[in-house]
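Worksheet: the structure to be examined is printed underneath.
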Amino acid sequence: MRRLPLALAALALSMAAGAVQAQAPADSTMVKLIRGLIQSGALNKDAGEALLAQAQSEALAAAQARPAAAPAALAQVQPGDVRVPYISQTVREQIRDEIKGQVLAEAKAGGWAAPNETPAWTKRIRVEGDVRARYESRYYDMANSNIEIDWRSLNSGSGYDVNSNTNLALPALLNTREDRKHLLRARARLGILADISDSTQAGIRLASGNDDSPVSTTQTLGGGLGKKNIWLDQAWLSYQPAAWLKLTAGRFDNPFVSGDELFSSELNFDGIAAKVQQPVGDSKDVTVFGTLGLIPLEYSSDNAPSRSQAKMSSENKWLLGAQVGASWKINSDHQLRGALAYYNFRNISGEYSQPCALYAGADGCSTDWSRPSSMQKGNSLMLLRNIALNPLDPANTPQPQFVGLASKFRLANLNARWDSKVAGGTDLRIEGDYVRNMAYDKNAMWARAKGGIMNNFGGTGGVSQADFRSGGNAYMLQATLGKANPAARGDWNVLLGYKRIEPDALPDAYNDSTFHLGGTNARGYYLGGAYALDKNTWLNGRWTSSREVFGSALSIDTLQIELNARF
């Protein structure tokens, strides 16, 4: 680009020469200009020397053809005038084409311009996102229990004192009887995807959300018209060394095929995932696939206990997942997909601590780390702390407690989906998902808790093992008629589904936050529908009705009406 001003000056002078004809000495300004262009590299040496010779020859010929006019012309020259020799049309066009070619070559090499073309980097970057506006109302039965503890709130503080001699206040309780109507809510997500090479991709996505909940990015509006939160929803890198294998690391979409009674549709996973997919046979109607995931759920603090010289050892929580499956395109109207998965949630169960003398200034207890950082509701919970009593005043020793998961979780998950066409080509999708917690053991839970289980008892009001109620199974069934994912104007669907999730079938932290307002120990039905108003713009609604499986009464109905758009 340093050559561009000089090149443009040469072009302007060459155009002006068509109107100005004057005799010049052999070492004229034009000759010097062409020599300067050659020396700077703006003109190719061979082409420049040809132009130089032609300019000298034409200037000499012009001077010889007008000998009588020279004195008069010279007499009219004033100090400061620039004398430019005549340049023919052929020479002017040659100079123009030479300069144009070199300027465009430098521009293309620099990546900042090319004819009818955008810079190459813009072809590797894609922006995508979606926006949703929601109307929501929640309806509670007046017969519901009004002593449902907000366990997440209890665990987030310094512990709830269970000694009635030193604490008469109730723990934080969930609303179970007062309707919440006419909530206006919104969700916004914006992602950037980069094709770094043919084999490597990267992605970043931001999303809204009331808090750091892993299962929802929906933000409740209001709040005095204050600005809303933005969270890092995804950040990942993927590498595909072969057509059948893809490796992803960071924070990414759910890599497994599953129902939302197990994993929420908005749940993202941290860690590393490997996915394989390979067609079978020449027809490629059958495709097998598999996924392995190493997912860190929580790392223990580097500095716990914070006020103790002796620090705790590393206690990390993991999800190890493996899934295999296949899809079969029977014909153009019928397709079947099935998958079998195993999920091992390691080190997430509660552990009863060693005796801890909090009254003497101990900074926490040995198993405080085992309380879950994320939870909704439904799982059976146990007290974690073995609090030593003050021998000088045992009855009045404060006993601040945390709770942890009473059950272990090793899940077998079977997922199936059937897609077909009915009634003249209308899409019909039937899908089911079943979960079995193979680690569920009522007796082992009670032994692990040392009898300190806190919830999921029967209706007798007892707190004994005989009155304890739980289960390790969950399933979901759903039928959708019409386009499952409306995209074109006029697309529509209606759906009907049923779920049953026993208390300890799965960790309650990660499933759909709408059904029963999240968690386990829930059963009920839901129905809804959607209609596309325009391209990638659709209206949908859903009614959910649910109640408890075991224990205290808790019935919740939810109405949601949404306007969605994606880009």
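In the structure tokens, chains take letters A, B, ... by order of appearance, with residues numbered from 1 within each chain and ligands from 1 in the order shown.
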So which bits of segment 263-363 of chain A end up strand (DSSP E or B) when you DSSP the backbone, as a compact mmCIF listing (two decimals) with all heavy atoms, in the first residue's frame?
```txt
# COMPACT_ATOMS: atom_id res chain seq x y z
N ASN A 268 -25.88 -28.21 29.83
CA ASN A 268 -24.60 -28.35 29.15
C ASN A 268 -23.65 -29.14 30.04
O ASN A 268 -23.77 -29.15 31.27
CB ASN A 268 -24.01 -26.99 28.82
CG ASN A 268 -24.80 -26.27 27.74
OD1 ASN A 268 -24.93 -26.75 26.62
ND2 ASN A 268 -25.36 -25.11 28.08
N PHE A 269 -22.69 -29.79 29.42
CA PHE A 269 -21.75 -30.65 30.13
C PHE A 269 -20.34 -30.05 30.08
O PHE A 269 -19.92 -29.54 29.04
CB PHE A 269 -21.72 -32.05 29.52
CG PHE A 269 -22.93 -32.88 29.87
CD1 PHE A 269 -24.17 -32.62 29.31
CD2 PHE A 269 -22.82 -33.92 30.77
CE1 PHE A 269 -25.28 -33.38 29.63
CE2 PHE A 269 -23.93 -34.70 31.10
CZ PHE A 269 -25.16 -34.42 30.53
N ASP A 270 -19.62 -30.14 31.20
CA ASP A 270 -18.21 -29.78 31.24
C ASP A 270 -17.39 -31.05 31.06
O ASP A 270 -17.81 -32.14 31.43
CB ASP A 270 -17.84 -29.16 32.59
CG ASP A 270 -18.68 -27.93 32.92
OD1 ASP A 270 -19.26 -27.34 31.99
OD2 ASP A 270 -18.74 -27.56 34.10
N GLY A 271 -16.18 -30.91 30.49
CA GLY A 271 -15.29 -32.06 30.44
C GLY A 271 -14.86 -32.43 29.04
O GLY A 271 -14.59 -31.57 28.19
N ILE A 272 -14.81 -33.73 28.78
CA ILE A 272 -14.33 -34.29 27.52
C ILE A 272 -15.32 -35.34 27.04
O ILE A 272 -15.80 -36.15 27.82
CB ILE A 272 -12.94 -34.94 27.69
CG1 ILE A 272 -11.93 -33.92 28.23
CG2 ILE A 272 -12.44 -35.52 26.37
CD1 ILE A 272 -10.60 -34.54 28.62
N ALA A 273 -15.62 -35.31 25.73
CA ALA A 273 -16.52 -36.32 25.15
C ALA A 273 -15.94 -36.80 23.83
O ALA A 273 -15.39 -36.01 23.05
CB ALA A 273 -17.92 -35.74 24.93
N ALA A 274 -16.09 -38.09 23.59
CA ALA A 274 -15.69 -38.69 22.32
C ALA A 274 -16.92 -39.33 21.69
O ALA A 274 -17.60 -40.13 22.34
CB ALA A 274 -14.59 -39.73 22.53
N LYS A 275 -17.20 -38.98 20.43
CA LYS A 275 -18.37 -39.52 19.74
C LYS A 275 -17.92 -40.22 18.47
O LYS A 275 -17.10 -39.69 17.70
CB LYS A 275 -19.36 -38.40 19.39
CG LYS A 275 -19.89 -37.64 20.60
CD LYS A 275 -20.96 -36.63 20.22
CE LYS A 275 -22.22 -37.33 19.79
NZ LYS A 275 -23.34 -36.37 19.57
N VAL A 276 -18.47 -41.41 18.24
CA VAL A 276 -18.20 -42.15 17.02
C VAL A 276 -19.53 -42.39 16.31
O VAL A 276 -20.57 -42.56 16.94
CB VAL A 276 -17.50 -43.49 17.30
CG1 VAL A 276 -16.15 -43.26 17.95
CG2 VAL A 276 -18.36 -44.39 18.19
N GLN A 277 -19.48 -42.39 14.99
CA GLN A 277 -20.68 -42.64 14.18
C GLN A 277 -20.25 -43.22 12.84
O GLN A 277 -19.36 -42.67 12.18
CB GLN A 277 -21.45 -41.32 13.97
CG GLN A 277 -22.73 -41.49 13.18
CD GLN A 277 -23.58 -40.22 13.21
OE1 GLN A 277 -23.93 -39.73 14.27
NE2 GLN A 277 -23.88 -39.70 12.03
N GLN A 278 -20.85 -44.34 12.47
CA GLN A 278 -20.41 -45.02 11.26
C GLN A 278 -21.58 -45.73 10.57
O GLN A 278 -22.26 -46.56 11.19
CB GLN A 278 -19.33 -46.06 11.61
CG GLN A 278 -18.78 -46.81 10.42
CD GLN A 278 -18.04 -45.93 9.45
OE1 GLN A 278 -17.25 -45.09 9.86
NE2 GLN A 278 -18.30 -46.08 8.16
N PRO A 279 -21.85 -45.40 9.30
CA PRO A 279 -22.87 -46.16 8.55
C PRO A 279 -22.43 -47.61 8.35
O PRO A 279 -21.24 -47.92 8.28
CB PRO A 279 -22.95 -45.42 7.20
CG PRO A 279 -22.35 -44.07 7.47
CD PRO A 279 -21.31 -44.28 8.52
N VAL A 280 -23.43 -48.49 8.24
CA VAL A 280 -23.17 -49.91 8.07
C VAL A 280 -23.67 -50.34 6.69
O VAL A 280 -24.82 -50.08 6.34
CB VAL A 280 -23.86 -50.74 9.16
CG1 VAL A 280 -23.62 -52.23 8.93
CG2 VAL A 280 -23.35 -50.33 10.54
N VAL A 286 -28.47 -48.10 7.92
CA VAL A 286 -28.23 -48.33 9.34
C VAL A 286 -26.94 -47.61 9.73
O VAL A 286 -25.92 -47.72 9.06
CB VAL A 286 -28.12 -49.84 9.65
CG1 VAL A 286 -27.76 -50.04 11.12
CG2 VAL A 286 -29.42 -50.55 9.31
N THR A 287 -27.01 -46.86 10.83
CA THR A 287 -25.86 -46.15 11.36
C THR A 287 -25.70 -46.49 12.83
O THR A 287 -26.67 -46.43 13.60
CB THR A 287 -26.02 -44.63 11.20
OG1 THR A 287 -26.15 -44.30 9.81
CG2 THR A 287 -24.81 -43.89 11.79
N VAL A 288 -24.50 -46.89 13.22
CA VAL A 288 -24.22 -47.16 14.62
C VAL A 288 -23.48 -45.95 15.20
O VAL A 288 -22.75 -45.26 14.50
CB VAL A 288 -23.40 -48.45 14.80
CG1 VAL A 288 -24.18 -49.65 14.35
CG2 VAL A 288 -22.07 -48.35 14.05
N PHE A 289 -23.67 -45.71 16.49
CA PHE A 289 -23.00 -44.57 17.12
C PHE A 289 -22.68 -44.91 18.57
O PHE A 289 -23.25 -45.85 19.16
CB PHE A 289 -23.87 -43.31 17.04
CG PHE A 289 -25.22 -43.42 17.70
CD1 PHE A 289 -25.40 -43.15 19.05
CD2 PHE A 289 -26.34 -43.79 16.95
CE1 PHE A 289 -26.64 -43.25 19.64
CE2 PHE A 289 -27.60 -43.89 17.53
CZ PHE A 289 -27.75 -43.62 18.89
N GLY A 290 -21.78 -44.15 19.12
CA GLY A 290 -21.40 -44.34 20.51
C GLY A 290 -20.79 -43.07 21.08
O GLY A 290 -20.28 -42.23 20.34
N THR A 291 -20.86 -42.94 22.41
CA THR A 291 -20.34 -41.75 23.09
C THR A 291 -19.70 -42.15 24.40
O THR A 291 -20.24 -42.98 25.15
CB THR A 291 -21.47 -40.74 23.38
OG1 THR A 291 -22.14 -40.40 22.17
CG2 THR A 291 -20.91 -39.47 24.01
N LEU A 292 -18.54 -41.57 24.68
CA LEU A 292 -17.89 -41.68 25.98
C LEU A 292 -17.72 -40.28 26.55
O LEU A 292 -17.34 -39.35 25.82
CB LEU A 292 -16.51 -42.34 25.85
CG LEU A 292 -16.47 -43.82 25.45
CD1 LEU A 292 -15.02 -44.26 25.24
CD2 LEU A 292 -17.13 -44.69 26.51
N GLY A 293 -18.02 -40.11 27.83
CA GLY A 293 -17.90 -38.80 28.44
C GLY A 293 -17.21 -38.86 29.79
O GLY A 293 -17.51 -39.73 30.62
N LEU A 294 -16.28 -37.95 30.01
CA LEU A 294 -15.63 -37.76 31.31
C LEU A 294 -16.00 -36.37 31.78
O LEU A 294 -15.48 -35.36 31.28
CB LEU A 294 -14.11 -37.91 31.17
CG LEU A 294 -13.28 -37.66 32.43
CD1 LEU A 294 -13.63 -38.67 33.52
CD2 LEU A 294 -11.79 -37.71 32.12
N ILE A 295 -16.93 -36.29 32.74
CA ILE A 295 -17.57 -35.04 33.11
C ILE A 295 -17.25 -34.70 34.57
O ILE A 295 -17.73 -35.39 35.47
CB ILE A 295 -19.10 -35.12 32.93
CG1 ILE A 295 -19.46 -35.75 31.57
CG2 ILE A 295 -19.73 -33.76 33.12
CD1 ILE A 295 -18.97 -34.98 30.38
N PRO A 296 -16.47 -33.65 34.85
CA PRO A 296 -16.27 -33.23 36.24
C PRO A 296 -17.50 -32.48 36.75
O PRO A 296 -17.95 -31.52 36.13
CB PRO A 296 -15.05 -32.31 36.14
CG PRO A 296 -15.09 -31.75 34.76
CD PRO A 296 -15.70 -32.83 33.90
N LEU A 297 -18.05 -32.94 37.86
CA LEU A 297 -19.22 -32.29 38.44
C LEU A 297 -18.84 -31.24 39.47
O LEU A 297 -19.49 -30.21 39.59
CB LEU A 297 -20.13 -33.34 39.08
CG LEU A 297 -20.69 -34.40 38.13
CD1 LEU A 297 -21.48 -35.45 38.92
CD2 LEU A 297 -21.58 -33.77 37.06
N GLU A 298 -17.79 -31.52 40.24
CA GLU A 298 -17.40 -30.58 41.29
C GLU A 298 -16.01 -30.95 41.79
O GLU A 298 -15.69 -32.12 41.96
CB GLU A 298 -18.41 -30.64 42.44
CG GLU A 298 -18.20 -29.59 43.51
CD GLU A 298 -19.25 -29.67 44.61
OE1 GLU A 298 -20.22 -30.45 44.47
OE2 GLU A 298 -19.09 -28.97 45.62
N LYS A 317 -15.85 -34.89 42.33
CA LYS A 317 -17.06 -35.60 41.93
C LYS A 317 -17.10 -35.68 40.40
O LYS A 317 -16.84 -34.68 39.72
CB LYS A 317 -18.30 -34.89 42.47
CG LYS A 317 -18.28 -34.72 43.99
CD LYS A 317 -19.49 -33.95 44.50
CE LYS A 317 -19.42 -33.75 46.00
NZ LYS A 317 -20.60 -33.02 46.54
N TRP A 318 -17.47 -36.86 39.88
CA TRP A 318 -17.40 -37.10 38.44
C TRP A 318 -18.68 -37.78 37.94
O TRP A 318 -19.36 -38.47 38.68
CB TRP A 318 -16.22 -38.01 38.11
CG TRP A 318 -14.89 -37.46 38.46
CD1 TRP A 318 -14.23 -37.56 39.65
CD2 TRP A 318 -14.03 -36.69 37.60
NE1 TRP A 318 -13.02 -36.93 39.58
CE2 TRP A 318 -12.87 -36.37 38.34
CE3 TRP A 318 -14.14 -36.24 36.28
CZ2 TRP A 318 -11.82 -35.64 37.81
CZ3 TRP A 318 -13.09 -35.51 35.75
CH2 TRP A 318 -11.95 -35.21 36.50
N LEU A 319 -18.92 -37.58 36.66
CA LEU A 319 -19.87 -38.40 35.91
C LEU A 319 -19.11 -39.08 34.80
O LEU A 319 -18.50 -38.42 33.94
CB LEU A 319 -21.00 -37.54 35.33
CG LEU A 319 -21.86 -38.20 34.23
CD1 LEU A 319 -22.52 -39.46 34.76
CD2 LEU A 319 -22.89 -37.23 33.68
N LEU A 320 -19.11 -40.40 34.80
CA LEU A 320 -18.53 -41.20 33.73
C LEU A 320 -19.68 -41.80 32.93
O LEU A 320 -20.50 -42.54 33.48
CB LEU A 320 -17.64 -42.30 34.30
CG LEU A 320 -16.57 -41.86 35.30
CD1 LEU A 320 -15.77 -43.07 35.81
CD2 LEU A 320 -15.64 -40.83 34.69
N GLY A 321 -19.76 -41.46 31.65
CA GLY A 321 -20.89 -41.91 30.84
C GLY A 321 -20.43 -42.66 29.60
O GLY A 321 -19.41 -42.34 28.99
N ALA A 322 -21.18 -43.69 29.24
CA ALA A 322 -20.92 -44.46 28.02
C ALA A 322 -22.25 -44.83 27.40
O ALA A 322 -23.19 -45.23 28.09
CB ALA A 322 -20.11 -45.72 28.34
N GLN A 323 -22.33 -44.70 26.07
CA GLN A 323 -23.58 -44.99 25.37
C GLN A 323 -23.29 -45.60 24.01
O GLN A 323 -22.33 -45.21 23.32
CB GLN A 323 -24.39 -43.70 25.18
CG GLN A 323 -25.76 -43.89 24.55
CD GLN A 323 -26.55 -42.60 24.50
OE1 GLN A 323 -26.18 -41.65 23.83
NE2 GLN A 323 -27.65 -42.56 25.25
N VAL A 324 -24.10 -46.56 23.63
CA VAL A 324 -24.05 -47.15 22.29
C VAL A 324 -25.47 -47.14 21.73
O VAL A 324 -26.45 -47.22 22.48
CB VAL A 324 -23.47 -48.58 22.28
CG1 VAL A 324 -22.02 -48.57 22.70
CG2 VAL A 324 -24.29 -49.49 23.20
N GLY A 325 -25.56 -47.03 20.41
CA GLY A 325 -26.89 -47.01 19.81
C GLY A 325 -26.82 -47.19 18.31
O GLY A 325 -25.74 -47.29 17.71
N ALA A 326 -28.00 -47.22 17.70
CA ALA A 326 -28.09 -47.37 16.25
C ALA A 326 -29.37 -46.71 15.76
O ALA A 326 -30.37 -46.64 16.48
CB ALA A 326 -28.08 -48.85 15.85
N SER A 327 -29.32 -46.22 14.53
CA SER A 327 -30.51 -45.69 13.87
C SER A 327 -30.72 -46.47 12.58
O SER A 327 -29.76 -46.82 11.89
CB SER A 327 -30.36 -44.19 13.59
OG SER A 327 -29.26 -43.94 12.74
N TRP A 328 -31.97 -46.72 12.25
CA TRP A 328 -32.31 -47.55 11.08
C TRP A 328 -33.35 -46.81 10.26
O TRP A 328 -34.47 -46.57 10.73
CB TRP A 328 -32.84 -48.90 11.54
CG TRP A 328 -33.27 -49.82 10.43
CD1 TRP A 328 -32.86 -49.79 9.13
CD2 TRP A 328 -34.19 -50.90 10.53
NE1 TRP A 328 -33.46 -50.77 8.40
CE2 TRP A 328 -34.29 -51.49 9.24
CE3 TRP A 328 -34.94 -51.45 11.57
CZ2 TRP A 328 -35.12 -52.57 8.98
CZ3 TRP A 328 -35.75 -52.54 11.31
CH2 TRP A 328 -35.84 -53.09 10.04
N LYS A 329 -32.99 -46.44 9.04
CA LYS A 329 -33.93 -45.84 8.10
C LYS A 329 -34.60 -46.97 7.33
O LYS A 329 -34.07 -47.47 6.34
CB LYS A 329 -33.21 -44.88 7.15
CG LYS A 329 -34.15 -44.15 6.22
CD LYS A 329 -33.39 -43.17 5.32
CE LYS A 329 -34.36 -42.45 4.39
NZ LYS A 329 -33.65 -41.50 3.49
N ILE A 330 -35.76 -47.36 7.81
CA ILE A 330 -36.45 -48.50 7.21
C ILE A 330 -36.86 -48.17 5.77
O ILE A 330 -36.66 -48.95 4.86
CB ILE A 330 -37.67 -48.88 8.06
CG1 ILE A 330 -37.21 -49.23 9.48
CG2 ILE A 330 -38.43 -50.04 7.44
CD1 ILE A 330 -38.35 -49.42 10.47
N ASN A 331 -37.46 -47.01 5.59
CA ASN A 331 -37.77 -46.46 4.27
C ASN A 331 -37.96 -44.96 4.45
O ASN A 331 -37.66 -44.40 5.50
CB ASN A 331 -39.01 -47.13 3.65
CG ASN A 331 -40.22 -47.08 4.57
OD1 ASN A 331 -40.51 -46.06 5.20
ND2 ASN A 331 -40.92 -48.20 4.68
N HIS A 334 -40.38 -44.26 7.52
CA HIS A 334 -40.23 -44.88 8.84
C HIS A 334 -38.76 -44.96 9.24
O HIS A 334 -37.93 -45.46 8.46
CB HIS A 334 -40.84 -46.28 8.85
CG HIS A 334 -42.28 -46.32 8.47
ND1 HIS A 334 -43.29 -45.92 9.31
CD2 HIS A 334 -42.89 -46.69 7.30
CE1 HIS A 334 -44.46 -46.04 8.69
NE2 HIS A 334 -44.24 -46.51 7.47
N GLN A 335 -38.46 -44.49 10.45
CA GLN A 335 -37.11 -44.55 10.99
C GLN A 335 -37.17 -44.93 12.47
O GLN A 335 -38.09 -44.52 13.18
CB GLN A 335 -36.40 -43.19 10.85
CG GLN A 335 -36.22 -42.74 9.40
CD GLN A 335 -35.49 -41.40 9.32
OE1 GLN A 335 -34.43 -41.22 9.90
NE2 GLN A 335 -36.08 -40.47 8.60
N LEU A 336 -36.19 -45.68 12.90
CA LEU A 336 -36.12 -46.14 14.28
C LEU A 336 -34.73 -45.86 14.84
O LEU A 336 -33.73 -46.09 14.16
CB LEU A 336 -36.42 -47.65 14.35
CG LEU A 336 -36.34 -48.31 15.73
CD1 LEU A 336 -37.40 -47.74 16.67
CD2 LEU A 336 -36.51 -49.83 15.58
N ARG A 337 -34.70 -45.36 16.08
CA ARG A 337 -33.42 -45.12 16.76
C ARG A 337 -33.49 -45.65 18.18
O ARG A 337 -34.51 -45.47 18.87
CB ARG A 337 -33.10 -43.62 16.80
CG ARG A 337 -31.70 -43.30 17.34
CD ARG A 337 -31.55 -41.82 17.64
NE ARG A 337 -32.38 -41.41 18.76
CZ ARG A 337 -32.56 -40.14 19.14
NH1 ARG A 337 -32.01 -39.17 18.44
NH2 ARG A 337 -33.33 -39.86 20.18
N GLY A 338 -32.44 -46.30 18.62
CA GLY A 338 -32.37 -46.81 19.98
C GLY A 338 -30.98 -46.61 20.56
O GLY A 338 -29.98 -46.60 19.82
N ALA A 339 -30.91 -46.43 21.89
CA ALA A 339 -29.62 -46.22 22.55
C ALA A 339 -29.67 -46.77 23.96
O ALA A 339 -30.70 -46.67 24.64
CB ALA A 339 -29.26 -44.74 22.57
N LEU A 340 -28.55 -47.33 24.39
CA LEU A 340 -28.41 -47.85 25.74
C LEU A 340 -27.20 -47.17 26.38
O LEU A 340 -26.11 -47.14 25.78
CB LEU A 340 -28.21 -49.37 25.72
CG LEU A 340 -27.99 -50.05 27.08
CD1 LEU A 340 -29.23 -49.89 27.96
CD2 LEU A 340 -27.63 -51.52 26.89
N ALA A 341 -27.40 -46.62 27.58
CA ALA A 341 -26.33 -45.85 28.22
C ALA A 341 -26.13 -46.30 29.66
O ALA A 341 -27.04 -46.85 30.30
CB ALA A 341 -26.65 -44.36 28.18
N TYR A 342 -24.92 -46.03 30.15
CA TYR A 342 -24.58 -46.28 31.56
C TYR A 342 -23.92 -45.01 32.10
O TYR A 342 -22.97 -44.49 31.50
CB TYR A 342 -23.63 -47.46 31.67
CG TYR A 342 -23.10 -47.69 33.07
CD1 TYR A 342 -23.92 -48.28 34.04
CD2 TYR A 342 -21.80 -47.32 33.43
CE1 TYR A 342 -23.44 -48.50 35.33
CE2 TYR A 342 -21.32 -47.54 34.71
CZ TYR A 342 -22.15 -48.12 35.66
OH TYR A 342 -21.69 -48.33 36.93
N TYR A 343 -24.44 -44.51 33.22
CA TYR A 343 -23.91 -43.30 33.84
C TYR A 343 -23.52 -43.62 35.28
O TYR A 343 -24.36 -44.01 36.10
CB TYR A 343 -24.95 -42.18 33.83
CG TYR A 343 -25.48 -41.85 32.47
CD1 TYR A 343 -26.77 -42.23 32.08
CD2 TYR A 343 -24.71 -41.16 31.54
CE1 TYR A 343 -27.28 -41.93 30.82
CE2 TYR A 343 -25.20 -40.84 30.29
CZ TYR A 343 -26.48 -41.23 29.94
OH TYR A 343 -26.97 -40.93 28.69
N ASN A 344 -22.25 -43.41 35.58
CA ASN A 344 -21.73 -43.66 36.92
C ASN A 344 -21.40 -42.31 37.56
O ASN A 344 -20.44 -41.64 37.18
CB ASN A 344 -20.48 -44.53 36.84
CG ASN A 344 -19.98 -44.94 38.22
OD1 ASN A 344 -20.54 -44.56 39.24
ND2 ASN A 344 -18.92 -45.75 38.24
N PHE A 345 -22.23 -41.90 38.52
CA PHE A 345 -21.98 -40.67 39.26
C PHE A 345 -21.10 -41.03 40.45
O PHE A 345 -21.55 -41.63 41.43
CB PHE A 345 -23.30 -40.06 39.74
CG PHE A 345 -24.15 -39.49 38.63
CD1 PHE A 345 -25.00 -40.31 37.90
CD2 PHE A 345 -24.09 -38.14 38.31
CE1 PHE A 345 -25.79 -39.79 36.88
CE2 PHE A 345 -24.87 -37.62 37.30
CZ PHE A 345 -25.72 -38.45 36.58
N ARG A 346 -19.84 -40.65 40.37
CA ARG A 346 -18.85 -41.06 41.36
C ARG A 346 -18.67 -39.99 42.43
O ARG A 346 -18.50 -38.81 42.13
CB ARG A 346 -17.50 -41.35 40.69
CG ARG A 346 -17.56 -42.51 39.69
CD ARG A 346 -16.21 -42.70 39.03
NE ARG A 346 -15.15 -43.01 39.99
CZ ARG A 346 -14.85 -44.21 40.43
NH1 ARG A 346 -15.55 -45.26 40.00
NH2 ARG A 346 -13.88 -44.40 41.29
N SER A 349 -22.43 -39.02 46.65
CA SER A 349 -23.30 -39.33 47.79
C SER A 349 -22.78 -38.68 49.06
O SER A 349 -21.58 -38.40 49.20
CB SER A 349 -23.40 -40.84 47.98
OG SER A 349 -23.88 -41.46 46.81
N PRO A 355 -16.35 -37.24 64.21
CA PRO A 355 -16.82 -36.28 65.23
C PRO A 355 -16.10 -34.94 65.08
O PRO A 355 -14.88 -34.89 64.89
CB PRO A 355 -16.46 -36.98 66.55
CG PRO A 355 -16.43 -38.44 66.22
CD PRO A 355 -15.90 -38.52 64.82
N CYS A 356 -16.87 -33.87 65.12
CA CYS A 356 -16.29 -32.54 64.97
C CYS A 356 -16.78 -31.64 66.09
O CYS A 356 -17.99 -31.52 66.31
CB CYS A 356 -16.60 -31.94 63.59
SG CYS A 356 -18.33 -32.02 63.10
```
Subject >> All residues 10 Å or closer to Pro305 of chain A, only C-alpha atoms, same chain fewer than 5 positions away omitted, as JSON, numbers by chain >> reply: {"A": [310, 311, 312, 362, 363, 364, 365, 366, 368, 369]}
Restrict the selected residues to N, CA and C atoms and save them as a PDB file, in the first residue's frame.
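Result went into part.pdb, see below:
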```pdb
ATOM      1  N   ALA A 310      -4.449 -27.427  58.803  1.00  0.00           N
ATOM      2  CA  ALA A 310      -4.516 -28.721  58.124  1.00  0.00           C
ATOM      3  C   ALA A 310      -5.631 -28.667  57.084  1.00  0.00           C
ATOM      4  N   LYS A 311      -5.284 -28.870  55.820  1.00  0.00           N
ATOM      5  CA  LYS A 311      -6.259 -28.795  54.731  1.00  0.00           C
ATOM      6  C   LYS A 311      -6.744 -30.196  54.352  1.00  0.00           C
ATOM      7  N   MET A 312      -7.959 -30.262  53.826  1.00  0.00           N
ATOM      8  CA  MET A 312      -8.525 -31.539  53.424  1.00  0.00           C
ATOM      9  C   MET A 312      -7.901 -32.030  52.127  1.00  0.00           C
ATOM     10  N   ALA A 362     -13.840 -25.644  65.884  1.00  0.00           N
ATOM     11  CA  ALA A 362     -13.473 -26.392  64.675  1.00  0.00           C
ATOM     12  C   ALA A 362     -14.078 -25.724  63.440  1.00  0.00           C
ATOM     13  N   ASP A 363     -13.266 -25.647  62.384  1.00  0.00           N
ATOM     14  CA  ASP A 363     -13.705 -24.981  61.151  1.00  0.00           C
ATOM     15  C   ASP A 363     -14.355 -26.007  60.223  1.00  0.00           C
ATOM     16  N   GLY A 364     -15.592 -26.375  60.532  1.00  0.00           N
ATOM     17  CA  GLY A 364     -16.310 -27.331  59.721  1.00  0.00           C
ATOM     18  C   GLY A 364     -16.039 -28.755  60.135  1.00  0.00           C
ATOM     19  N   CYS A 365     -16.653 -29.691  59.365  1.00  0.00           N
ATOM     20  CA  CYS A 365     -16.512 -31.124  59.639  1.00  0.00           C
ATOM     21  C   CYS A 365     -15.909 -31.804  58.418  1.00  0.00           C
ATOM     22  N   SER A 366     -15.461 -33.022  58.586  1.00  0.00           N
ATOM     23  CA  SER A 366     -14.632 -33.690  57.584  1.00  0.00           C
ATOM     24  C   SER A 366     -15.356 -33.990  56.279  1.00  0.00           C
ATOM     25  N   ASP A 368     -18.059 -32.081  54.960  1.00  0.00           N
ATOM     26  CA  ASP A 368     -18.868 -30.962  54.450  1.00  0.00           C
ATOM     27  C   ASP A 368     -18.810 -30.889  52.928  1.00  0.00           C
ATOM     28  N   TRP A 369     -17.689 -31.331  52.359  1.00  0.00           N
ATOM     29  CA  TRP A 369     -17.530 -31.296  50.905  1.00  0.00           C
ATOM     30  C   TRP A 369     -18.572 -32.145  50.181  1.00  0.00           C
TER      31      TRP A 369
END
```
**OP:** Determine, counting only C-alpha atoms, which protein, DNA and RNA residues have an atom within 10 Å of an atom of Glu49 of chain A; residues of the same chain fewer than 5 positions away are not included. Present the result as a ChimeraX atom specification.
**Re:** /A:34-35,38,43-44,54-55
Give me, as a Markdown table, the closest atom pair and its distance (Å, one decimal) for every residue of segment 130-191 of chain A within a cut-off of 9 Å of segment 541-555 of chain A, counting only C-alpha atoms, rows sorted by chain and rising number.
```
| residue | atom | partner | partner_atom | distance |
| --- | --- | --- | --- | --- |
| A:Tyr139 | CA | A:Ser555 | CA | 8.4 |
| A:Tyr140 | CA | A:Ser555 | CA | 6.0 |
| A:Asp141 | CA | A:Ser555 | CA | 5.7 |
| A:Met142 | CA | A:Ser555 | CA | 8.9 |
| A:Ala143 | CA | A:Ala553 | CA | 7.1 |
| A:Asn144 | CA | A:Ala553 | CA | 4.8 |
| A:Ser145 | CA | A:Ala553 | CA | 5.4 |
| A:Asn146 | CA | A:Leu554 | CA | 8.9 |
| A:Ile147 | CA | A:Ser552 | CA | 9.0 |
| A:Glu148 | CA | A:Ser552 | CA | 8.5 |
| A:Thr176 | CA | A:Leu554 | CA | 7.0 |
| A:Arg177 | CA | A:Leu554 | CA | 8.9 |
```
**OP:** Run DSSP on the backbone of this structure and report the residues of segment 421-542 of chain A it assigns to alpha helix (DSSP H), as a PyMOL selection string.
**Re:** chain A and resi 442-448
